[in-house]
Amino acid sequence: ELTQVECFIEKNAKQHSPKDYLLLQTVPGIGRILALTILYEIGNIQRFPSVQHFASYSRLVKCKAESAGKQYGTSGNKIGNAHLKWAFSEAAVLYLRGNEKAQKYLARLQKRMSKAKALSALAHKLGRCVYFMLRNNTVFDEHRFLPQ
């Protein structure tokens with residue numbers, strides 16, 4: 001039954017925005033289900049004026065409570081779209097699978113931070129990449145994503 005539901009949803013997604021759906025699938029680690037999740041949770045990418053707004057909406061950055069230069073912790077951790085956070089986190093883990101260049105990049109990040117924070121940083125980088133891919137209608141370019 002699940003396969004039939006997935007096929008039905010995929011057919012409808014191809015009718016709504018087939019180009020965006022195919023663009024998302026050019027990213028290693030983003031398959032059919034993650035592409036559909038990202039596509040439908042984002043809606044129209046043009047509604048985000050900048051990549052910072054998109055990252056904030058996707059829960060890829062931390063919220064800060066600050067007033068008069070003083071920080072009061074991180075209130076508002078639940079602000080944003082939890083489904084996008086999940087999708088980009090899953091995509092980051094799947095991107096690492098069998099990709100030596102990405103694993104070396106993660107090892108470099110782990111020299112500065114913990115493994116969990118490094119994975120979050122990679123998910124944030126993937127989110128920014130997806131934003132620009134959908135905004136500019138370009139396919140994924142690994143040479144630009146992970147420069148030497």
# chains A, B, ... in the order shown; residues from 1 in each chain; ligands from 1

$ residues_around --residues "Leu60 in chain A" --least-positions-apart "5" --cutoff "7 Å" --atoms "only C-alpha atoms" --output "NGL selection string"
:A and (55 or 85 or 124)

$ select_by_dssp --residues "chain A" --states "helix (DSSP H, G or I)" --output "number ranges by chain"
A: 2-16, 18-24, 32-42, 45-47, 51-57, 82-96, 100-110, 115-136, 142-145

$ closest_residue --among "A:Ile42, A:Tyr21, A:Gly98, A:Ser58" --to "Ser120 in chain A" --atoms "only C-alpha atoms"
A:Ser58

$ closest_residue --among "A:Gln46, A:Arg128, A:Gly29, A:Tyr40" --to "Ile9 in chain A" --atoms "only C-alpha atoms"
A:Tyr40

$ closest_residue --among "A:Val5, A:Ala65, A:Ala102, A:Ala13" --to "His143 in chain A" --atoms "only C-alpha atoms"
A:Ala102

$ atom_distance --atom1 "CA of Asn12 in chain A" --atom2 "CA of Ile45 in chain A"
18.7 Å

$ residues_around --residues "Tyr105 in chain A" --least-positions-apart "2" --cutoff "12 Å" --atoms "only C-alpha atoms" --output "MDAnalysis selection string"
chainID A and resid 92 95:96 99:103 107:112 115 118:119 121:122 125 145:148

$ select_by_dssp --residues "chain A" --states "strand (DSSP E or B)" --output "PyMOL selection string"
chain A and resi 66-67+70-71
